[in-house]
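Chemist: Contents of coords-v6.tsv (TSV, C-alpha atoms) are given next:
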```tsv
chain	number	residue	atom	x	y	z
E	23	MET	CA	54.98	53.62	36.73
E	24	GLU	CA	54.42	51.59	33.60
E	25	ILE	CA	55.20	53.06	30.19
E	26	ARG	CA	51.49	53.36	29.43
E	27	GLN	CA	51.00	55.43	32.60
E	28	ILE	CA	53.90	57.65	31.60
E	29	GLU	CA	52.15	58.21	28.27
E	30	TYR	CA	48.95	59.13	30.17
E	31	LEU	CA	50.78	61.75	32.24
E	32	ILE	CA	52.50	63.33	29.22
E	33	GLY	CA	49.26	63.22	27.20
E	34	ILE	CA	47.28	65.02	29.89
E	35	VAL	CA	49.87	67.80	30.13
E	36	ASP	CA	50.29	68.15	26.36
E	37	HIS	CA	46.51	68.54	25.96
E	38	GLY	CA	46.35	71.40	28.45
E	39	PHE	CA	44.90	69.18	31.23
E	40	ASN	CA	41.76	68.65	29.16
E	41	LEU	CA	40.83	65.06	30.05
E	42	THR	CA	38.32	64.73	27.25
E	43	LYS	CA	40.86	65.57	24.52
E	44	SER	CA	43.55	63.53	26.28
E	45	ALA	CA	41.33	60.45	26.46
E	46	ILE	CA	40.49	60.66	22.74
E	47	ASP	CA	44.15	61.01	21.72
E	48	LEU	CA	45.32	58.25	24.08
E	49	ASN	CA	42.49	55.96	22.99
E	50	VAL	CA	41.29	55.43	26.55
E	51	SER	CA	38.10	56.35	28.41
E	52	GLN	CA	37.94	59.52	30.47
E	53	PRO	CA	37.05	57.58	33.65
E	54	ALA	CA	40.20	55.49	33.12
E	55	LEU	CA	42.28	58.68	33.04
E	56	SER	CA	40.60	59.99	36.19
E	57	LYS	CA	41.30	56.66	37.90
E	58	PHE	CA	44.95	56.86	36.83
E	59	ILE	CA	45.27	60.35	38.35
E	60	ASN	CA	43.77	59.27	41.68
E	61	GLU	CA	45.81	56.08	41.88
E	62	LEU	CA	49.04	57.95	41.05
E	63	GLU	CA	48.55	60.52	43.79
E	64	ASN	CA	47.33	57.96	46.35
E	65	PHE	CA	50.25	55.64	45.61
E	66	GLN	CA	52.77	58.45	45.97
E	67	GLY	CA	50.98	59.99	48.93
E	68	THR	CA	51.42	63.48	47.51
E	69	LYS	CA	49.68	65.97	45.26
E	70	ILE	CA	50.93	65.93	41.68
E	71	PHE	CA	48.18	67.96	40.01
E	72	ILE	CA	46.90	71.45	40.85
E	73	ARG	CA	43.11	71.74	40.94
E	74	ALA	CA	40.74	74.71	40.76
E	75	ASN	CA	36.95	74.44	40.89
E	76	GLY	CA	37.16	70.66	40.61
E	77	ARG	CA	39.28	70.75	37.46
E	78	ILE	CA	42.96	69.98	36.93
E	79	THR	CA	44.78	73.15	35.88
E	80	GLY	CA	48.49	72.38	36.29
E	81	LEU	CA	51.26	70.46	38.02
E	82	THR	CA	52.75	70.92	41.46
E	83	LEU	CA	56.52	71.27	41.79
E	84	ILE	CA	56.76	67.52	42.39
E	85	GLY	CA	54.53	66.98	39.38
E	86	GLU	CA	56.84	69.09	37.20
E	87	GLU	CA	59.82	67.00	38.30
E	88	LEU	CA	57.90	63.80	37.56
E	89	LEU	CA	56.95	65.11	34.10
E	90	HIS	CA	60.57	65.93	33.31
E	91	ASP	CA	61.66	62.39	34.21
E	92	ALA	CA	58.69	60.90	32.37
E	93	ARG	CA	59.60	62.66	29.12
E	94	ARG	CA	63.18	61.38	29.38
E	95	VAL	CA	62.00	57.81	30.00
E	96	GLU	CA	59.58	58.02	27.06
E	97	VAL	CA	62.39	59.09	24.69
E	98	GLU	CA	64.66	56.29	25.93
E	99	TYR	CA	61.87	53.74	25.65
E	100	ASN	CA	60.99	54.78	22.09
E	101	THR	CA	64.68	54.66	21.09
E	102	MET	CA	65.04	51.22	22.63
E	103	MET	CA	62.01	49.91	20.75
E	104	LYS	CA	63.19	51.41	17.46
E	105	ASP	CA	66.61	49.79	17.84
E	106	PHE	CA	64.96	46.49	18.68
E	107	GLN	CA	62.70	46.67	15.63
E	108	ASP	CA	65.66	47.60	13.42
E	109	SER	CA	67.71	44.67	14.68
E	110	THR	CA	64.92	42.18	13.99
E	111	SER	CA	64.06	43.47	10.54
E	112	THR	CA	65.79	43.04	7.20
E	113	LYS	CA	68.89	45.17	6.80
E	114	LYS	CA	67.46	48.05	4.82
E	115	GLY	CA	68.11	51.76	4.63
E	116	ILE	CA	70.48	54.52	3.50
E	117	VAL	CA	74.00	55.02	4.82
E	118	LYS	CA	75.95	58.17	3.92
E	119	ILE	CA	79.72	57.69	3.88
E	120	GLY	CA	82.39	60.29	3.17
E	121	ILE	CA	85.55	58.96	1.51
E	122	ALA	CA	88.46	60.98	0.14
E	123	PRO	CA	88.80	60.37	-3.65
E	124	VAL	CA	92.35	58.94	-3.52
E	125	ILE	CA	91.32	56.49	-0.79
E	126	ILE	CA	88.21	55.25	-2.58
E	127	SER	CA	90.04	54.53	-5.84
E	128	THR	CA	92.93	52.82	-4.05
E	129	LEU	CA	91.30	50.78	-1.27
E	130	PHE	CA	87.55	50.52	-1.92
E	131	ASN	CA	87.25	49.39	-5.54
E	132	GLN	CA	86.57	45.80	-4.40
E	133	LEU	CA	84.92	46.42	-1.03
E	134	ILE	CA	82.04	48.58	-2.27
E	135	PRO	CA	80.85	46.21	-5.04
E	136	GLN	CA	81.11	43.30	-2.59
E	137	PHE	CA	79.06	45.15	0.03
E	138	ILE	CA	76.35	46.06	-2.49
E	139	LYS	CA	76.05	42.47	-3.73
E	140	GLU	CA	75.76	41.09	-0.20
E	141	ASN	CA	73.44	43.83	1.08
E	142	PRO	CA	71.18	44.84	-1.83
E	143	LYS	CA	68.66	46.63	0.42
E	144	ILE	CA	71.25	48.98	1.89
E	145	GLU	CA	71.79	52.05	-0.27
E	146	LEU	CA	75.29	53.49	0.04
E	147	LYS	CA	75.53	57.21	-0.64
E	148	ILE	CA	79.22	57.95	-1.14
E	149	VAL	CA	80.43	61.54	-0.72
E	150	GLU	CA	83.84	62.12	-2.31
E	151	LYS	CA	85.52	65.25	-0.96
E	152	GLY	CA	88.79	66.32	0.64
E	153	ALA	CA	89.53	65.42	4.26
E	154	TYR	CA	88.75	68.86	5.69
E	155	GLU	CA	85.34	69.06	4.00
E	156	LEU	CA	84.45	65.53	5.11
E	157	GLN	CA	85.34	66.32	8.71
E	158	LYS	CA	83.04	69.36	8.65
E	159	MET	CA	80.25	67.23	7.19
E	160	LEU	CA	80.78	64.64	9.92
E	161	ILE	CA	80.57	67.27	12.67
E	162	LEU	CA	77.39	68.68	11.09
E	163	GLN	CA	76.06	65.08	10.89
E	164	ASP	CA	75.56	65.35	7.14
E	165	ILE	CA	77.27	61.95	6.80
E	166	ASP	CA	77.13	58.89	9.05
E	167	PHE	CA	80.86	58.20	9.09
E	168	ALA	CA	83.98	59.07	7.11
E	169	VAL	CA	87.08	57.31	5.82
E	170	LEU	CA	90.07	59.62	6.24
E	171	VAL	CA	93.84	59.74	6.37
E	172	SER	CA	94.82	59.53	10.04
E	173	PRO	CA	94.81	61.52	12.21
E	174	PRO	CA	91.70	63.74	11.92
E	175	THR	CA	92.23	67.40	12.78
E	176	PHE	CA	88.98	67.96	14.75
E	177	PRO	CA	89.18	66.70	18.37
E	178	ALA	CA	85.48	65.71	18.43
E	179	ILE	CA	86.13	63.05	15.78
E	180	ARG	CA	86.97	59.53	16.89
E	181	GLU	CA	89.05	57.28	14.66
E	182	HIS	CA	89.71	53.56	14.27
E	183	ILE	CA	92.65	52.77	12.01
E	184	ILE	CA	91.78	50.11	9.43
E	185	TYR	CA	94.78	50.24	7.10
E	186	ARG	CA	98.48	51.07	7.50
E	187	ASN	CA	101.00	51.96	4.82
E	188	THR	CA	103.48	54.71	3.92
E	189	VAL	CA	103.95	57.71	1.66
E	190	SER	CA	106.72	57.36	-0.95
E	191	VAL	CA	108.84	59.50	-3.22
E	192	TRP	CA	108.08	58.65	-6.87
E	193	PHE	CA	110.42	59.37	-9.81
E	194	ASN	CA	111.63	57.90	-13.10
E	195	LYS	CA	114.83	55.94	-13.74
E	196	ASN	CA	116.78	59.05	-14.78
E	197	HIS	CA	116.09	61.03	-11.63
E	198	PRO	CA	119.01	61.42	-9.17
E	199	PHE	CA	116.94	59.70	-6.47
E	200	ASN	CA	117.18	56.45	-8.45
E	201	ARG	CA	120.84	56.21	-7.43
E	202	PHE	CA	119.85	55.95	-3.75
E	203	LYS	CA	119.93	52.54	-2.13
E	204	GLY	CA	116.99	52.13	0.21
E	205	SER	CA	114.85	55.00	1.52
E	206	ILE	CA	115.34	58.67	0.63
E	207	PRO	CA	116.53	60.81	3.58
E	208	ILE	CA	114.14	63.68	4.01
E	209	LYS	CA	117.03	66.16	4.13
E	210	ASP	CA	117.74	65.29	0.48
E	211	ILE	CA	114.27	66.53	-0.53
E	212	ASN	CA	115.46	70.12	-0.47
E	213	SER	CA	115.32	73.34	-2.48
E	214	ARG	CA	116.90	71.62	-5.49
E	215	THR	CA	114.03	69.11	-5.65
E	216	ASN	CA	111.06	69.83	-7.92
E	217	VAL	CA	108.28	68.34	-5.81
E	218	ILE	CA	104.85	67.55	-7.25
E	219	THR	CA	101.99	66.68	-4.91
E	220	LEU	CA	98.26	66.42	-4.60
E	221	ASP	CA	96.62	69.78	-3.99
E	222	ASN	CA	96.12	71.36	-0.57
E	223	SER	CA	92.66	69.85	-0.05
E	224	PHE	CA	94.32	66.48	0.61
E	225	MET	CA	95.32	65.51	4.12
E	226	VAL	CA	98.56	63.88	2.92
E	227	THR	CA	99.70	67.22	1.45
E	228	TYR	CA	98.96	69.03	4.71
E	229	GLN	CA	100.90	66.39	6.63
E	230	TRP	CA	103.77	66.60	4.13
E	231	ARG	CA	104.06	70.37	4.59
E	232	GLN	CA	104.04	69.93	8.38
E	233	LEU	CA	106.83	67.36	8.14
E	234	LEU	CA	108.94	69.68	5.97
E	235	LYS	CA	108.41	72.50	8.44
E	236	LYS	CA	109.58	70.25	11.28
E	237	PHE	CA	112.87	69.59	9.45
E	238	HIS	CA	113.21	73.21	8.23
E	239	LEU	CA	113.12	72.14	4.57
E	240	GLN	CA	111.81	74.16	1.63
E	241	PRO	CA	111.72	72.12	-1.56
E	242	ASN	CA	110.37	73.69	-4.72
E	243	PHE	CA	106.66	72.88	-4.99
E	244	PHE	CA	106.76	72.59	-8.74
E	245	PHE	CA	103.18	71.43	-9.43
E	246	GLN	CA	100.02	70.38	-7.57
E	247	SER	CA	96.90	68.58	-8.80
E	248	SER	CA	93.92	66.62	-7.51
E	249	SER	CA	94.77	63.88	-10.04
E	250	TRP	CA	97.24	61.29	-8.72
E	251	ASP	CA	97.53	59.62	-12.14
E	252	LEU	CA	98.58	62.93	-13.71
E	253	LEU	CA	101.31	63.33	-11.10
E	254	LEU	CA	102.64	59.82	-11.63
E	255	ASN	CA	102.55	60.27	-15.39
E	256	MET	CA	104.60	63.45	-14.98
E	257	CYS	CA	107.17	61.37	-13.10
E	258	ASN	CA	107.05	58.89	-15.92
E	259	GLU	CA	107.70	61.56	-18.55
E	260	MET	CA	109.94	64.07	-16.75
E	261	ASP	CA	113.42	63.41	-15.34
E	262	ASP	CA	113.52	66.32	-12.89
E	263	VAL	CA	110.35	65.93	-10.78
E	264	ALA	CA	109.57	63.79	-7.73
E	265	ALA	CA	106.04	63.09	-6.54
E	266	ILE	CA	105.07	62.67	-2.90
E	267	ILE	CA	102.21	60.15	-3.02
E	268	ALA	CA	100.97	57.28	-0.86
E	269	THR	CA	102.68	54.02	-1.79
E	270	PRO	CA	99.50	51.96	-2.55
E	271	ILE	CA	98.33	54.46	-5.16
E	272	GLY	CA	101.16	53.43	-7.48
E	273	LYS	CA	99.70	49.97	-8.01
E	274	ASN	CA	97.01	51.60	-10.16
E	275	PHE	CA	99.58	53.17	-12.50
E	276	SER	CA	100.58	51.41	-15.72
E	277	GLY	CA	103.73	53.42	-16.55
E	278	THR	CA	106.94	51.47	-17.10
E	279	LYS	CA	109.68	53.88	-16.02
E	280	ILE	CA	108.49	54.88	-12.57
E	281	TYR	CA	110.10	53.96	-9.25
E	282	HIS	CA	109.50	54.75	-5.60
E	283	ARG	CA	111.31	54.77	-2.28
E	284	ASP	CA	110.13	55.24	1.29
E	285	ILE	CA	111.05	58.47	3.04
E	286	ASN	CA	113.41	58.40	6.01
E	287	PRO	CA	112.01	58.91	8.62
E	288	ILE	CA	108.97	56.87	7.62
E	289	PHE	CA	106.03	59.01	6.50
E	290	PRO	CA	102.91	56.96	7.46
E	291	TRP	CA	99.74	56.76	5.40
E	292	ASN	CA	97.21	55.29	7.80
E	293	ILE	CA	93.49	55.19	6.98
E	294	SER	CA	90.78	55.46	9.63
E	295	LEU	CA	87.05	54.93	9.97
E	296	CYS	CA	85.92	58.12	11.68
E	297	THR	CA	82.78	58.87	13.68
E	298	LEU	CA	81.56	61.86	15.64
E	299	GLY	CA	82.04	61.37	19.37
E	300	GLY	CA	78.70	61.03	21.13
E	301	GLN	CA	76.70	60.66	17.92
E	302	ARG	CA	74.04	57.97	18.18
E	303	GLU	CA	74.28	55.41	15.39
E	304	THR	CA	71.41	53.53	13.82
E	305	ASN	CA	71.76	49.77	13.62
E	306	ILE	CA	72.15	49.94	9.85
E	307	THR	CA	75.00	52.46	10.14
E	308	ARG	CA	76.66	50.38	12.84
E	309	PHE	CA	76.35	47.26	10.70
E	310	THR	CA	77.88	49.01	7.66
E	311	ARG	CA	80.77	50.47	9.65
E	312	LYS	CA	81.52	47.07	11.21
E	313	TYR	CA	81.40	45.44	7.76
E	314	PHE	CA	84.04	47.90	6.49
E	315	PHE	CA	86.18	47.40	9.60
E	316	ASP	CA	86.02	43.60	9.37
E	317	TYR	CA	86.84	43.67	5.65
E	318	PHE	CA	90.16	45.42	6.25
E	319	LYS	CA	90.85	43.27	9.31
E	320	ASP	CA	90.47	40.18	7.13
E	321	GLN	CA	92.65	41.70	4.39
E	322	ALA	CA	95.42	42.40	6.90
E	323	ALA	CA	95.27	38.78	8.08
E	324	LEU	CA	95.81	37.37	4.56
```
Would you write out, as structure tokens, the structure that this file holds?
Modeler:
Amino acid sequence: MEIRQIEYLIGIVDHGFNLTKSAIDLNVSQPALSKFINELENFQGTKIFIRANGRITGLTLIGEELLHDARRVEVEYNTMMKDFQDSTSTKKGIVKIGIAPVIISTLFNQLIPQFIKENPKIELKIVEKGAYELQKMLILQDIDFAVLVSPPTFPAIREHIIYRNTVSVWFNKNHPFNRFKGSIPIKDINSRTNVITLDNSFMVTYQWRQLLKKFHLQPNFFFQSSSWDLLLNMCNEMDDVAAIIATPIGKNFSGTKIYHRDINPIFPWNISLCTLGGQRETNITRFTRKYFFDYFKDQAAL
């Protein structure tokens, strides 16, 4: 069957087997529809339509099976044609991206302006929320993809790591940690340590608490905030606090008395482009996601 014949079959059924209405909607003559019906049944050598008093009133069991397959083929054909038209047209449309606030200020302050300049007809809608909220939005398909600290906590989410770094301990020159040579052993971040961190909506804080639990450590969580610059400024001004913050964030801080060390064992801060498994992407979303991926790939190669 050709796609036009598939449309005839679906049109006839959807118009209650009224050939007059079907012909008008399909923009074809009624005799052409009658010819299609006869040729279809003769070619298959079986009855597809049920008739009563010379009129078509329904489908046989074989006809129902054919209709089911026809509807599936029509959907696939329309999707194929839409994708083809998208790929041959100017890159234009809206892409909704979820990015955690700390990540966007640390890693995307150059990428996003560059993308907008190079693709002026693509409108980026950036959603800045914590990792857990962004994962829920991704599962509900309220956003097209998300940029999150790896790994995601929902198994339906697929990730592709685009950036690798670590989480550090931050402190000022008068803090006892400044006497350490090299990384800070995690066992030394204990109940005598006044720890300041991002609040519990951040994935890095969740991962930090899990790591402490693994090593049976209970430092004093002295202060939490959603503002990384406040935390680093506290380190700058106070001698008795240590912040647990991703290493790259510190490059945005202008304080003069702040230092950092890696944690031993290494506490990774890896960033992923995340999509919902099985979700069908539009060409414009796929293009945008690949642009982001290639940008970080090129940065890593420099």
Chemist: Nearest residue to Pro287 of chain E out of E:Gly80, E:Gly204, E:Pro177, E:Pro135, using only C-alpha atoms?
Modeler: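 Ranked by minimum distance to Pro287 of chain E, first place goes to E:Gly204.
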Chemist: Which residues come within 9 Å of Ile28 of chain E, counting all atoms listed in the file, excluding same-chain residues fewer than 6 positions away, as a PyMOL selection string?
Modeler: chain E and resi 89+92-93+95-96
Chemist: Might you pull out every residue within 10 Å of Asp284 of chain E, with only C-alpha atoms counted and same-chain residues fewer than 2 positions away left off, and present them as a PyMOL selection string?
Modeler: chain E and resi 188-192+204-208+266+268-269+282+286-290
Chemist: Write out, as a CSV table (one decimal), keeping the file's coordinate frame, the residues just selected, with C-alpha atoms.
Modeler:
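Final file, result-v3.csv:
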```
chain,number,residue,atom,x,y,z
E,188,THR,CA,103.5,54.7,3.9
E,189,VAL,CA,104.0,57.7,1.7
E,190,SER,CA,106.7,57.4,-1.0
E,191,VAL,CA,108.8,59.5,-3.2
E,192,TRP,CA,108.1,58.6,-6.9
E,204,GLY,CA,117.0,52.1,0.2
E,205,SER,CA,114.8,55.0,1.5
E,206,ILE,CA,115.3,58.7,0.6
E,207,PRO,CA,116.5,60.8,3.6
E,208,ILE,CA,114.1,63.7,4.0
E,266,ILE,CA,105.1,62.7,-2.9
E,268,ALA,CA,101.0,57.3,-0.9
E,269,THR,CA,102.7,54.0,-1.8
E,282,HIS,CA,109.5,54.8,-5.6
E,286,ASN,CA,113.4,58.4,6.0
E,287,PRO,CA,112.0,58.9,8.6
E,288,ILE,CA,109.0,56.9,7.6
E,289,PHE,CA,106.0,59.0,6.5
E,290,PRO,CA,102.9,57.0,7.5
```
Chemist: Name all residues at most 10 Å from Asn196 of chain E (count only C-alpha atoms; drop same-chain ones fewer than 5 positions away) and give them as a ChimeraX atom specification.
Modeler: /E:201,258,260-262,279-280
Chemist: Taking all atoms listed in the file into account, which of E:Phe167, E:Trp291, E:Tyr30, E:Tyr185 comes nearest Leu146 of chain E?
Modeler: E:Phe167
Chemist: If I take atom CA of Gln27 of chain E and atom CA of Leu62 of chain E, how far is one from the other in Å, to one decimal?
Modeler: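 Atom CA of Gln27 of chain E sits 9.0 Å away from atom CA of Leu62 of chain E.
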Chemist: Which residues, written as a ChimeraX atom specification, have at least one atom at most 8 Å from Val226 of chain E, with all atoms listed in the file counted and residues fewer than 3 positions away on the same chain left out?
Modeler: /E:171,220,229-230,267-268,291
Chemist: Listing only residues of segment 67-167 of chain E within 12 Å of segment 294-298 of chain E, what is the closest atom pair and its distance in Å (to one decimal) for each, using only C-alpha atoms, sorted by chain and residue number ascending, as JSON lines?
Modeler:
```
{"residue": "E:Lys118", "atom": "CA", "partner": "E:Thr297", "partner_atom": "CA", "distance": 11.9}
{"residue": "E:Ile119", "atom": "CA", "partner": "E:Leu295", "partner_atom": "CA", "distance": 9.9}
{"residue": "E:Gly120", "atom": "CA", "partner": "E:Cys296", "partner_atom": "CA", "distance": 9.5}
{"residue": "E:Ile121", "atom": "CA", "partner": "E:Leu295", "partner_atom": "CA", "distance": 9.5}
{"residue": "E:Ala122", "atom": "CA", "partner": "E:Ser294", "partner_atom": "CA", "distance": 11.2}
{"residue": "E:Ile125", "atom": "CA", "partner": "E:Ser294", "partner_atom": "CA", "distance": 10.5}
{"residue": "E:Leu129", "atom": "CA", "partner": "E:Ser294", "partner_atom": "CA", "distance": 11.9}
{"residue": "E:Ala153", "atom": "CA", "partner": "E:Cys296", "partner_atom": "CA", "distance": 11.0}
{"residue": "E:Leu156", "atom": "CA", "partner": "E:Cys296", "partner_atom": "CA", "distance": 10.0}
{"residue": "E:Gln157", "atom": "CA", "partner": "E:Cys296", "partner_atom": "CA", "distance": 8.7}
{"residue": "E:Lys158", "atom": "CA", "partner": "E:Leu298", "partner_atom": "CA", "distance": 10.4}
{"residue": "E:Met159", "atom": "CA", "partner": "E:Leu298", "partner_atom": "CA", "distance": 10.1}
{"residue": "E:Leu160", "atom": "CA", "partner": "E:Leu298", "partner_atom": "CA", "distance": 6.4}
{"residue": "E:Ile161", "atom": "CA", "partner": "E:Leu298", "partner_atom": "CA", "distance": 6.3}
{"residue": "E:Leu162", "atom": "CA", "partner": "E:Leu298", "partner_atom": "CA", "distance": 9.2}
{"residue": "E:Gln163", "atom": "CA", "partner": "E:Leu298", "partner_atom": "CA", "distance": 7.9}
{"residue": "E:Asp164", "atom": "CA", "partner": "E:Leu298", "partner_atom": "CA", "distance": 11.0}
{"residue": "E:Ile165", "atom": "CA", "partner": "E:Thr297", "partner_atom": "CA", "distance": 9.3}
{"residue": "E:Asp166", "atom": "CA", "partner": "E:Thr297", "partner_atom": "CA", "distance": 7.3}
{"residue": "E:Phe167", "atom": "CA", "partner": "E:Thr297", "partner_atom": "CA", "distance": 5.0}
```
Chemist: With C-alpha atoms retained, export the selected residues as a PDB file, in the coordinates of the input.
Modeler:
```
ATOM      1  CA  LYS E 118      75.950  58.170   3.920  1.00  0.00           C
ATOM      2  CA  ILE E 119      79.720  57.690   3.880  1.00  0.00           C
ATOM      3  CA  GLY E 120      82.390  60.290   3.170  1.00  0.00           C
ATOM      4  CA  ILE E 121      85.550  58.960   1.510  1.00  0.00           C
ATOM      5  CA  ALA E 122      88.460  60.980   0.140  1.00  0.00           C
ATOM      6  CA  ILE E 125      91.320  56.490  -0.790  1.00  0.00           C
ATOM      7  CA  LEU E 129      91.300  50.780  -1.270  1.00  0.00           C
ATOM      8  CA  ALA E 153      89.530  65.420   4.260  1.00  0.00           C
ATOM      9  CA  LEU E 156      84.450  65.530   5.110  1.00  0.00           C
ATOM     10  CA  GLN E 157      85.340  66.320   8.710  1.00  0.00           C
ATOM     11  CA  LYS E 158      83.040  69.360   8.650  1.00  0.00           C
ATOM     12  CA  MET E 159      80.250  67.230   7.190  1.00  0.00           C
ATOM     13  CA  LEU E 160      80.780  64.640   9.920  1.00  0.00           C
ATOM     14  CA  ILE E 161      80.570  67.270  12.670  1.00  0.00           C
ATOM     15  CA  LEU E 162      77.390  68.680  11.090  1.00  0.00           C
ATOM     16  CA  GLN E 163      76.060  65.080  10.890  1.00  0.00           C
ATOM     17  CA  ASP E 164      75.560  65.350   7.140  1.00  0.00           C
ATOM     18  CA  ILE E 165      77.270  61.950   6.800  1.00  0.00           C
ATOM     19  CA  ASP E 166      77.130  58.890   9.050  1.00  0.00           C
ATOM     20  CA  PHE E 167      80.860  58.200   9.090  1.00  0.00           C
TER      21      PHE E 167
END
```
Chemist: Show which residues sit within 12 Å of His238 of chain E, as a PDB file with C-alpha atoms, in the coordinates of the input. Count only C-alpha atoms, and ignore same-chain residues fewer than 2 positions away.
Modeler:
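Result saved to around.pdb:
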```
ATOM      1  CA  ILE E 208     114.140  63.680   4.010  1.00  0.00           C
ATOM      2  CA  LYS E 209     117.030  66.160   4.130  1.00  0.00           C
ATOM      3  CA  ASP E 210     117.740  65.290   0.480  1.00  0.00           C
ATOM      4  CA  ILE E 211     114.270  66.530  -0.530  1.00  0.00           C
ATOM      5  CA  ASN E 212     115.460  70.120  -0.470  1.00  0.00           C
ATOM      6  CA  SER E 213     115.320  73.340  -2.480  1.00  0.00           C
ATOM      7  CA  ARG E 231     104.060  70.370   4.590  1.00  0.00           C
ATOM      8  CA  GLN E 232     104.040  69.930   8.380  1.00  0.00           C
ATOM      9  CA  LEU E 233     106.830  67.360   8.140  1.00  0.00           C
ATOM     10  CA  LEU E 234     108.940  69.680   5.970  1.00  0.00           C
ATOM     11  CA  LYS E 235     108.410  72.500   8.440  1.00  0.00           C
ATOM     12  CA  LYS E 236     109.580  70.250  11.280  1.00  0.00           C
ATOM     13  CA  GLN E 240     111.810  74.160   1.630  1.00  0.00           C
ATOM     14  CA  PRO E 241     111.720  72.120  -1.560  1.00  0.00           C
TER      15      PRO E 241
END
```
Chemist: Hey, which of E:Arg214, E:Met225, E:His197, E:Ile179 ends up closest to Gly300 of chain E? Count all atoms listed in the file.
Modeler: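 Nearest candidate to Gly300 of chain E out of E:Arg214, E:Met225, E:His197, E:Ile179: E:Ile179.
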Chemist: To one decimal place in Å, what is the distance between atom CA of Ile134 of chain E and atom CA of His182 of chain E?
Modeler: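 So the answer is 18.9 Å.
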Chemist: For Thr68 of chain E, which residue out of E:Ala54, E:Ile184, E:Leu88, E:Val169 is the nearest one, using all atoms listed in the file?
Modeler: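 Looking only at the distances to Thr68 of chain E, the closest residue turns out to be E:Leu88.
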Chemist: Give me, please, the distance in Å between atom CA of Lys57 of chain E and atom CA of Met103 of chain E, quoted to one decimal.
Modeler: 27.7 Å
Chemist: Ranking E:Ile25, E:Ile116, E:Ala265, E:Ile70 by minimum distance to Arg308 of chain E and counting only C-alpha atoms, which one comes first?
Modeler: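 Looking at the shortest contact to Arg308 of chain E, the residue is E:Ile116.
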Chemist: Looking at all atoms listed in the file, which of E:Val149, E:Ile183, E:Ala74, E:Leu252 is the one that sits closest to Ile218 of chain E?
Modeler: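 Of the candidates, the smallest distance to Ile218 of chain E is held by E:Leu252.
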